[in-house]
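Here's upload25.cif, which has mmCIF, C-alpha atoms and all ligand atoms:
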data_final
#
loop_
_atom_site.label_atom_id
_atom_site.label_comp_id
_atom_site.auth_asym_id
_atom_site.auth_seq_id
_atom_site.Cartn_x
_atom_site.Cartn_y
_atom_site.Cartn_z
CA MET A 1 -17.04 114.16 65.29
CA ASN A 2 -14.45 112.63 67.59
CA THR A 3 -12.36 110.54 65.22
CA GLU A 4 -8.67 110.37 65.95
CA ILE A 5 -5.47 108.40 66.32
CA ALA A 6 -3.67 109.47 69.49
CA LEU A 7 -0.09 108.50 70.28
CA GLU A 8 0.93 109.02 73.87
CA ARG A 9 4.55 108.96 75.01
CA VAL A 10 5.45 106.45 72.32
CA SER A 11 8.99 105.13 72.06
CA HIS A 12 10.12 102.73 69.39
CA PHE A 13 13.35 100.90 68.65
CA PHE A 14 14.66 97.79 66.93
CA ASP A 15 17.18 95.47 68.56
CA THR A 16 19.45 94.05 65.89
CA THR A 17 22.60 91.92 65.97
CA ASN A 18 24.52 95.19 65.54
CA GLY A 19 22.86 96.86 68.50
CA ARG A 20 19.77 98.94 69.11
CA ILE A 21 18.32 101.31 66.50
CA SER A 22 16.37 103.94 68.46
CA LEU A 23 13.77 105.78 66.43
CA PHE A 24 11.83 108.04 68.77
CA ASN A 25 11.35 108.61 72.45
CA ASP A 26 8.31 109.82 74.36
CA LEU A 27 6.58 111.03 71.25
CA SER A 28 2.99 112.31 71.61
CA LEU A 29 0.76 113.49 68.79
CA THR A 30 -2.79 113.24 67.51
CA PHE A 31 -4.05 112.72 63.98
CA ASN A 32 -7.54 114.16 63.87
CA GLY A 33 -10.27 112.70 61.71
CA GLY A 34 -11.41 114.56 58.61
CA GLN A 35 -7.99 116.18 58.20
CA THR A 36 -4.91 115.54 56.10
CA HIS A 37 -1.54 114.99 57.76
CA ALA A 38 1.94 114.78 56.26
CA ILE A 39 4.94 113.22 58.01
CA VAL A 40 8.26 114.49 56.67
CA GLY A 41 11.90 114.14 57.73
CA PRO A 42 15.27 112.80 56.64
CA SER A 43 15.73 109.28 55.33
CA GLY A 44 15.99 106.66 58.06
CA VAL A 45 14.54 108.86 60.80
CA GLY A 46 11.55 106.55 61.29
CA LYS A 47 8.68 107.99 59.21
CA SER A 48 7.50 104.65 57.80
CA SER A 49 7.77 103.10 61.26
CA LEU A 50 5.66 105.92 62.69
CA LEU A 51 3.05 105.34 59.97
CA SER A 52 3.05 101.61 60.66
CA LEU A 53 2.47 102.21 64.38
CA SER A 54 -0.23 104.80 63.65
CA ALA A 55 -2.03 102.30 61.39
CA GLY A 56 -1.88 99.62 64.08
CA LEU A 57 0.33 97.41 61.89
CA GLU A 58 2.98 97.32 64.64
CA SER A 59 2.89 97.94 68.38
CA PRO A 60 5.16 100.50 70.02
CA ARG A 61 7.85 99.29 72.43
CA LYS A 62 6.63 101.86 74.96
CA GLY A 63 3.62 104.16 75.25
CA THR A 64 0.09 103.79 73.96
CA ILE A 65 -1.78 104.38 70.72
CA SER A 66 -5.56 104.69 70.74
CA PHE A 67 -7.91 104.73 67.79
CA LYS A 68 -11.32 106.39 67.98
CA LEU A 69 -14.14 106.57 65.47
CA GLU A 70 -16.98 108.93 66.32
CA GLY A 71 -16.01 108.72 69.97
CA ARG A 72 -15.84 104.90 70.06
CA GLU A 73 -12.54 103.18 70.82
CA LEU A 74 -11.59 100.82 68.00
CA THR A 75 -9.75 97.55 68.38
CA ILE A 76 -7.03 96.85 65.81
CA THR A 77 -9.41 94.52 63.93
CA GLN A 78 -12.09 97.22 63.80
CA LEU A 79 -9.49 99.81 62.77
CA ARG A 80 -8.46 97.60 59.85
CA LYS A 81 -12.04 97.59 58.54
CA HIS A 82 -12.01 101.39 58.49
CA SER A 83 -8.55 101.78 56.94
CA GLY A 84 -7.22 102.11 53.41
CA PHE A 85 -3.56 101.85 52.38
CA VAL A 86 -1.45 103.27 49.56
CA PHE A 87 2.22 102.27 49.23
CA GLN A 88 5.15 103.42 47.11
CA GLN A 89 5.33 99.99 45.43
CA PHE A 90 1.54 99.95 44.81
CA HIS A 91 1.10 96.44 46.31
CA LEU A 92 -1.51 95.34 43.78
CA LEU A 93 -2.09 91.62 43.33
CA PRO A 94 -0.32 90.79 40.03
CA GLU A 95 -2.66 88.00 38.96
CA LEU A 96 -5.83 90.10 39.34
CA ASP A 97 -7.00 92.73 36.86
CA ALA A 98 -7.55 96.35 37.94
CA LEU A 99 -11.27 95.80 38.61
CA SER A 100 -10.67 92.76 40.82
CA ASN A 101 -7.87 94.53 42.70
CA VAL A 102 -10.25 97.37 43.61
CA ALA A 103 -13.13 94.97 44.32
CA LEU A 104 -11.10 92.69 46.60
CA PRO A 105 -11.38 94.63 49.90
CA LEU A 106 -15.07 95.24 49.19
CA LYS A 107 -15.63 91.52 48.62
CA LEU A 108 -13.68 90.69 51.77
CA SER A 109 -15.97 93.00 53.75
CA GLY A 110 -18.99 91.14 52.30
CA ASP A 111 -20.19 93.91 49.99
CA GLN A 112 -22.66 92.43 47.47
CA ASN A 113 -22.02 95.29 45.05
CA ALA A 114 -18.23 95.00 45.13
CA TYR A 115 -17.77 94.98 41.34
CA GLU A 116 -20.17 97.86 40.63
CA ILE A 117 -18.52 100.01 43.30
CA ALA A 118 -15.06 99.06 42.03
CA LYS A 119 -16.10 100.00 38.48
CA ASP A 120 -17.28 103.44 39.66
CA TRP A 121 -13.98 104.00 41.46
CA LEU A 122 -11.94 103.01 38.41
CA GLU A 123 -13.93 105.59 36.47
CA LYS A 124 -13.21 108.22 39.14
CA VAL A 125 -9.49 107.66 38.61
CA SER A 126 -10.03 107.73 34.81
CA LEU A 127 -9.22 104.04 34.32
CA GLY A 128 -12.67 102.75 33.43
CA ASP A 129 -11.32 101.51 30.11
CA ARG A 130 -8.45 99.59 31.77
CA ALA A 131 -10.60 97.50 34.15
CA GLY A 132 -9.55 94.20 32.53
CA HIS A 133 -5.82 94.96 32.59
CA ARG A 134 -3.48 93.37 35.10
CA PRO A 135 -0.90 95.54 36.97
CA ALA A 136 1.92 94.49 34.61
CA GLN A 137 -0.08 95.98 31.73
CA LEU A 138 -0.35 99.38 33.47
CA SER A 139 2.18 102.18 33.99
CA GLY A 140 3.38 103.12 37.48
CA GLY A 141 1.02 106.09 37.64
CA GLU A 142 -1.90 103.97 36.46
CA GLN A 143 -1.11 101.30 39.05
CA GLN A 144 -1.05 103.95 41.75
CA ARG A 145 -4.45 105.23 40.57
CA VAL A 146 -5.79 101.67 40.94
CA ALA A 147 -4.25 101.53 44.43
CA ILE A 148 -5.91 104.84 45.35
CA ALA A 149 -9.28 103.60 44.04
CA ARG A 150 -8.82 100.44 46.14
CA ALA A 151 -7.90 102.46 49.24
CA PHE A 152 -10.93 104.76 49.06
CA ALA A 153 -13.55 102.36 47.65
CA THR A 154 -14.41 100.95 51.08
CA GLN A 155 -15.16 104.48 52.40
CA PRO A 156 -12.44 104.27 55.06
CA ALA A 157 -12.20 106.68 57.98
CA PHE A 158 -8.39 106.55 57.78
CA VAL A 159 -6.10 106.30 54.76
CA PHE A 160 -2.40 105.61 55.35
CA ALA A 161 -0.04 106.39 52.48
CA ASP A 162 3.71 105.64 52.48
CA GLU A 163 5.60 107.60 49.81
CA PRO A 164 2.68 107.33 47.37
CA THR A 165 4.48 109.44 44.76
CA GLY A 166 7.99 108.08 45.46
CA ASN A 167 8.38 106.23 42.15
CA LEU A 168 6.59 108.67 39.88
CA ASP A 169 7.63 111.60 37.69
CA ALA A 170 6.63 115.15 38.64
CA ALA A 171 3.49 115.39 36.47
CA THR A 172 2.21 111.97 37.56
CA SER A 173 3.01 112.75 41.21
CA SER A 174 0.98 115.90 40.97
CA MET A 175 -2.00 113.99 39.52
CA ILE A 176 -1.77 111.31 42.23
CA THR A 177 -1.53 113.99 44.94
CA ASP A 178 -4.60 115.77 43.54
CA LEU A 179 -6.61 112.54 43.54
CA MET A 180 -5.69 111.59 47.10
CA PHE A 181 -6.49 115.01 48.51
CA GLU A 182 -9.70 115.31 46.50
CA PHE A 183 -10.96 111.92 47.73
CA ALA A 184 -9.85 112.60 51.32
CA HIS A 185 -11.72 115.92 51.35
CA GLU A 186 -14.83 114.44 49.69
CA SER A 187 -15.01 111.43 51.99
CA LYS A 188 -13.75 113.27 55.10
CA ALA A 189 -11.25 110.48 55.65
CA ALA A 190 -8.17 111.27 57.72
CA LEU A 191 -5.26 111.01 55.30
CA ILE A 192 -1.86 110.34 56.89
CA VAL A 193 0.92 110.43 54.36
CA VAL A 194 4.69 109.92 54.65
CA THR A 195 6.49 111.85 51.96
CA HIS A 196 9.75 113.39 50.79
CA SER A 197 7.76 115.60 48.43
CA ASN A 198 7.42 119.18 49.57
CA ALA A 199 4.70 119.74 46.95
CA LEU A 200 2.64 117.01 48.61
CA ALA A 201 3.42 118.00 52.22
CA VAL A 202 2.27 121.61 51.78
CA ARG A 203 -1.17 120.37 50.69
CA ALA A 204 -1.84 118.76 54.10
CA HIS A 205 -3.68 120.52 56.92
CA ASN A 206 -0.88 119.47 59.29
CA CYS A 207 2.74 118.72 58.58
CA PHE A 208 4.76 116.85 61.20
CA ALA A 209 8.54 117.03 60.87
CA LEU A 210 10.27 114.03 62.42
CA SER A 211 13.92 114.43 63.42
CA PRO A 212 16.27 112.52 65.72
CA SER A 213 15.33 114.97 68.49
CA GLY A 214 11.58 114.45 68.19
CA ILE A 215 8.63 115.69 66.21
CA GLU A 216 7.32 119.15 65.62
CA GLU A 217 4.48 120.62 63.65
CA ALA A 218 5.97 122.32 60.63
CA LYS A 219 2.98 124.60 59.99
N1 LIG B 301 12.09 95.60 61.13
C1 LIG B 301 13.19 96.33 61.32
N2 LIG B 301 14.27 95.80 61.94
C2 LIG B 301 15.39 96.53 62.15
N3 LIG B 301 15.52 97.84 61.77
C3 LIG B 301 14.48 98.39 61.15
C4 LIG B 301 13.27 97.68 60.88
N4 LIG B 301 12.40 98.52 60.25
C5 LIG B 301 13.05 99.70 60.12
N5 LIG B 301 14.30 99.62 60.65
C6 LIG B 301 15.29 100.70 60.72
O1 LIG B 301 14.69 101.80 61.38
C7 LIG B 301 15.13 103.03 60.79
C8 LIG B 301 13.93 103.84 60.35
O2 LIG B 301 13.31 103.19 59.23
P1 LIG B 301 12.05 103.84 58.51
O3 LIG B 301 11.80 103.03 57.28
O4 LIG B 301 10.95 104.00 59.48
O5 LIG B 301 12.64 105.28 58.11
P2 LIG B 301 12.09 106.38 57.09
O6 LIG B 301 12.22 107.70 57.78
O7 LIG B 301 10.73 106.01 56.62
O8 LIG B 301 13.16 106.26 55.92
P3 LIG B 301 13.05 106.57 54.33
O9 LIG B 301 12.70 108.02 54.19
O10 LIG B 301 14.45 106.28 53.85
O11 LIG B 301 12.04 105.61 53.76
C9 LIG B 301 16.07 102.66 59.67
O12 LIG B 301 17.40 102.73 60.15
C10 LIG B 301 15.69 101.22 59.36
O13 LIG B 301 16.80 100.51 58.83
#
Turn this file's structure into structure tokens for me.
Amino acid sequence: MNTEIALERVSHFFDTTNGRISLFNDLSLTFNGGQTHAIVGPSGVGKSSLLSLSAGLESPRKGTISFKLEGRELTITQLRKHSGFVFQQFHLLPELDALSNVALPLKLSGDQNAYEIAKDWLEKVSLGDRAGHRPAQLSGGEQQRVAIARAFATQPAFVFADEPTGNLDAATSSMITDLMFEFAHESKAALIVVTHSNALAVRAHNCFALSPSGIEEAK
């Protein structure tokens, strides 16, 4: 299956009132479908920006990024329909309960069985009994499990995760990492994850180390 995100000679920078912040120059890499990819590197080097570009949330200043699903080029709008997201700060809607948070992207895509599917996913992350609880009534680890259920419930081809274990203790991080990798393997989604956690990075098929001088595959 030819599913991939390909960055070709991508350069990115921000022009600020204090001058230009250059992140990377002429960077080329491919994230293949059905595989797990970690992006590691020192703070401020541009990992989150690289993830954002790879997810089509931002456009690079120079170079091209193409998205393919089973050999077909995807537009950004099509890519969005096939993408799931997990963030360090969970990004759940505070006024919705766990079930509605997971059901929301399914409802937005017109799925008639949104609530049944969401219920199954909450059970998969062992939160079936917390379906009626809002994010404020859940711990950080529980909120991240809801976010993971939401990300995978739509059967995405690509899941983008930015520091998904950044705010969690070691035991909870390990549980969250297990869930993400288990679901990525089961669903054959490409998982692209930015992390400072070595324990998480070593689980990925590919580990890309970003540094001021460029990117290299760490294993
Ligand atoms: N919208 C923006 N405008 C100006 N500068 C930005 C913007 N977004 C990011 N930056 C800067 O770009 C650099 C890279 O940021 P980015 O968040 O991608 O790094 P990171 O490697 O993910 O860092 P960390 O590991 O600390 O989260 C930082 O210096 C940041 O301040």
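Our summary of the geometry notes that CA of Val10 in chain A is positioned 7.7 Å from CA of Ile65 in chain A.
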- Shell of 9 Å around ligand LIG 301 (chain B) (only C-alpha atoms and all ligand atoms), written as a PyMOL selection string: chain A and resi 13-16+20-23+40-52+162-163+194-196+210-211
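Here CA of His37 in chain A is placed at a distance of 24.0 Å from CA of Gly140 in chain A.
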- Show which residues sit within 8 Å of Tyr115 in chain A, as a ChimeraX atom specification. Count only C-alpha atoms, and ignore same-chain residues fewer than 6 positions away. /A:99-100,103
- Protein and nucleic acid residues near (-9.8, 101.8, 65.0) (cut-off 9 Å, all atoms listed in the file) as a PyMOL selection string: chain A and resi 4-5+55-56+66-69+72-83+157-158
- Message: Show me, as a PyMOL selection string, the residues that have an atom within 12 Å of Ala170 in chain A when counting all atoms listed in the file, minus same-chain residues fewer than 6 positions from it.
- Response: chain A and resi 141+176-177+197-200
Residue subset to file, keeping C-alpha atoms, as an mmCIF file, in the frame of the given file:
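Writing done, so here's result_20.cif:
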data_model
loop_
_atom_site.group_PDB
_atom_site.id
_atom_site.type_symbol
_atom_site.label_atom_id
_atom_site.label_comp_id
_atom_site.auth_asym_id
_atom_site.auth_seq_id
_atom_site.Cartn_x
_atom_site.Cartn_y
_atom_site.Cartn_z
ATOM 1 C CA GLY A 141 1.020 106.090 37.640
ATOM 2 C CA ILE A 176 -1.770 111.310 42.230
ATOM 3 C CA THR A 177 -1.530 113.990 44.940
ATOM 4 C CA SER A 197 7.760 115.600 48.430
ATOM 5 C CA ASN A 198 7.420 119.180 49.570
ATOM 6 C CA ALA A 199 4.700 119.740 46.950
ATOM 7 C CA LEU A 200 2.640 117.010 48.610
#
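Between CA of Ile192 in chain A and CA of Ala153 in chain A there is a distance of 16.9 Å.
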- Quick one: of A:Gln137, A:Thr154, A:Gln112, A:Ser54, who's nearest to Leu29 in chain A, counting only C-alpha atoms? A:Ser54
- Task: In the coordinate frame of the file, compute which residues have an atom within 12 Å of (-15.7, 96.4, 45.0) when using only C-alpha atoms, and state them as number ranges by chain.
- Result: A: 98-122, 146, 149-155
Please, which residues in range 71-133 of chain A fall within 10 Å of range 178-188 of chain A when counting all atoms listed in the file, and what is the closest atom pair and distance in Å to one decimal for each, ordered by chain then residue number, as JSON lines?
{"residue": "A:Val86", "atom": "CA", "partner": "A:Met180", "partner_atom": "CA", "distance": 9.7}
{"residue": "A:Lys124", "atom": "CA", "partner": "A:Leu179", "partner_atom": "CA", "distance": 9.0}
{"residue": "A:Val125", "atom": "CA", "partner": "A:Leu179", "partner_atom": "CA", "distance": 7.5}
Please, can range 113-148 of chain A be completed to N, CA and C atoms and returned as an mmCIF file, in the coordinates of the input?
data_model
loop_
_atom_site.group_PDB
_atom_site.id
_atom_site.type_symbol
_atom_site.label_atom_id
_atom_site.label_comp_id
_atom_site.auth_asym_id
_atom_site.auth_seq_id
_atom_site.Cartn_x
_atom_site.Cartn_y
_atom_site.Cartn_z
ATOM 1 N N ASN A 113 -22.176 94.482 46.268
ATOM 2 C CA ASN A 113 -22.020 95.290 45.050
ATOM 3 C C ASN A 113 -20.554 95.612 44.746
ATOM 4 N N ALA A 114 -19.675 94.718 45.221
ATOM 5 C CA ALA A 114 -18.230 95.000 45.130
ATOM 6 C C ALA A 114 -17.806 95.419 43.713
ATOM 7 N N TYR A 115 -18.258 94.695 42.698
ATOM 8 C CA TYR A 115 -17.770 94.980 41.340
ATOM 9 C C TYR A 115 -18.331 96.283 40.783
ATOM 10 N N GLU A 116 -19.598 96.583 41.114
ATOM 11 C CA GLU A 116 -20.170 97.860 40.630
ATOM 12 C C GLU A 116 -19.448 99.040 41.278
ATOM 13 N N ILE A 117 -19.209 98.917 42.589
ATOM 14 C CA ILE A 117 -18.520 100.010 43.300
ATOM 15 C C ILE A 117 -17.103 100.161 42.754
ATOM 16 N N ALA A 118 -16.438 99.024 42.548
ATOM 17 C CA ALA A 118 -15.060 99.060 42.030
ATOM 18 C C ALA A 118 -15.038 99.721 40.643
ATOM 19 N N LYS A 119 -16.045 99.421 39.834
ATOM 20 C CA LYS A 119 -16.100 100.000 38.480
ATOM 21 C C LYS A 119 -16.225 101.530 38.571
ATOM 22 N N ASP A 120 -17.112 101.990 39.475
ATOM 23 C CA ASP A 120 -17.280 103.440 39.660
ATOM 24 C C ASP A 120 -15.953 104.092 40.071
ATOM 25 N N TRP A 121 -15.242 103.410 40.987
ATOM 26 C CA TRP A 121 -13.980 104.000 41.460
ATOM 27 C C TRP A 121 -12.925 104.004 40.357
ATOM 28 N N LEU A 122 -12.901 102.986 39.524
ATOM 29 C CA LEU A 122 -11.940 103.010 38.410
ATOM 30 C C LEU A 122 -12.270 104.161 37.470
ATOM 31 N N GLU A 123 -13.559 104.455 37.319
ATOM 32 C CA GLU A 123 -13.930 105.590 36.470
ATOM 33 C C GLU A 123 -13.484 106.909 37.116
ATOM 34 N N LYS A 124 -13.637 106.988 38.447
ATOM 35 C CA LYS A 124 -13.210 108.220 39.140
ATOM 36 C C LYS A 124 -11.729 108.500 38.965
ATOM 37 N N VAL A 125 -10.928 107.438 38.828
ATOM 38 C CA VAL A 125 -9.490 107.660 38.610
ATOM 39 C C VAL A 125 -9.141 107.557 37.110
ATOM 40 N N SER A 126 -10.183 107.703 36.272
ATOM 41 C CA SER A 126 -10.030 107.730 34.810
ATOM 42 C C SER A 126 -9.403 106.462 34.233
ATOM 43 N N LEU A 127 -9.745 105.320 34.836
ATOM 44 C CA LEU A 127 -9.220 104.040 34.320
ATOM 45 C C LEU A 127 -10.351 103.070 34.005
ATOM 46 N N GLY A 128 -11.527 103.601 33.746
ATOM 47 C CA GLY A 128 -12.670 102.750 33.430
ATOM 48 C C GLY A 128 -12.398 101.828 32.262
ATOM 49 N N ASP A 129 -11.599 102.313 31.310
ATOM 50 C CA ASP A 129 -11.320 101.510 30.110
ATOM 51 C C ASP A 129 -10.163 100.528 30.309
ATOM 52 N N ARG A 130 -9.567 100.496 31.519
ATOM 53 C CA ARG A 130 -8.450 99.590 31.770
ATOM 54 C C ARG A 130 -8.812 98.532 32.818
ATOM 55 N N ALA A 131 -10.135 98.382 33.067
ATOM 56 C CA ALA A 131 -10.600 97.500 34.150
ATOM 57 C C ALA A 131 -10.082 96.069 34.008
ATOM 58 N N GLY A 132 -9.945 95.588 32.760
ATOM 59 C CA GLY A 132 -9.550 94.200 32.530
ATOM 60 C C GLY A 132 -8.034 94.005 32.448
ATOM 61 N N HIS A 133 -7.278 95.071 32.704
ATOM 62 C CA HIS A 133 -5.820 94.960 32.590
ATOM 63 C C HIS A 133 -5.183 94.613 33.932
ATOM 64 N N ARG A 134 -4.210 93.717 33.875
ATOM 65 C CA ARG A 134 -3.480 93.370 35.100
ATOM 66 C C ARG A 134 -2.409 94.425 35.379
ATOM 67 N N PRO A 135 -1.892 94.509 36.631
ATOM 68 C CA PRO A 135 -0.900 95.540 36.970
ATOM 69 C C PRO A 135 0.262 95.626 35.990
ATOM 70 N N ALA A 136 0.761 94.476 35.519
ATOM 71 C CA ALA A 136 1.920 94.490 34.610
ATOM 72 C C ALA A 136 1.597 95.193 33.285
ATOM 73 N N GLN A 137 0.315 95.336 32.988
ATOM 74 C CA GLN A 137 -0.080 95.980 31.730
ATOM 75 C C GLN A 137 -0.341 97.479 31.934
ATOM 76 N N LEU A 138 -0.091 97.967 33.154
ATOM 77 C CA LEU A 138 -0.350 99.380 33.470
ATOM 78 C C LEU A 138 0.950 100.082 33.832
ATOM 79 N N SER A 139 0.998 101.395 33.591
ATOM 80 C CA SER A 139 2.180 102.180 33.990
ATOM 81 C C SER A 139 2.179 102.361 35.507
ATOM 82 N N GLY A 140 3.294 102.881 36.036
ATOM 83 C CA GLY A 140 3.380 103.120 37.480
ATOM 84 C C GLY A 140 2.281 104.050 37.973
ATOM 85 N N GLY A 141 2.061 105.128 37.232
ATOM 86 C CA GLY A 141 1.020 106.090 37.640
ATOM 87 C C GLY A 141 -0.366 105.478 37.585
ATOM 88 N N GLU A 142 -0.592 104.636 36.567
ATOM 89 C CA GLU A 142 -1.900 103.970 36.460
ATOM 90 C C GLU A 142 -2.088 102.974 37.609
ATOM 91 N N GLN A 143 -1.015 102.256 37.926
ATOM 92 C CA GLN A 143 -1.110 101.300 39.050
ATOM 93 C C GLN A 143 -1.410 102.051 40.347
ATOM 94 N N GLN A 144 -0.784 103.215 40.509
ATOM 95 C CA GLN A 144 -1.050 103.950 41.750
ATOM 96 C C GLN A 144 -2.485 104.478 41.768
ATOM 97 N N ARG A 145 -3.043 104.797 40.598
ATOM 98 C CA ARG A 145 -4.450 105.230 40.570
ATOM 99 C C ARG A 145 -5.368 104.073 40.960
ATOM 100 N N VAL A 146 -5.019 102.855 40.524
ATOM 101 C CA VAL A 146 -5.790 101.670 40.940
ATOM 102 C C VAL A 146 -5.682 101.510 42.465
ATOM 103 N N ALA A 147 -4.456 101.686 42.986
ATOM 104 C CA ALA A 147 -4.250 101.530 44.430
ATOM 105 C C ALA A 147 -5.056 102.577 45.218
ATOM 106 N N ILE A 148 -5.143 103.778 44.674
ATOM 107 C CA ILE A 148 -5.910 104.840 45.350
ATOM 108 C C ILE A 148 -7.403 104.508 45.306
#
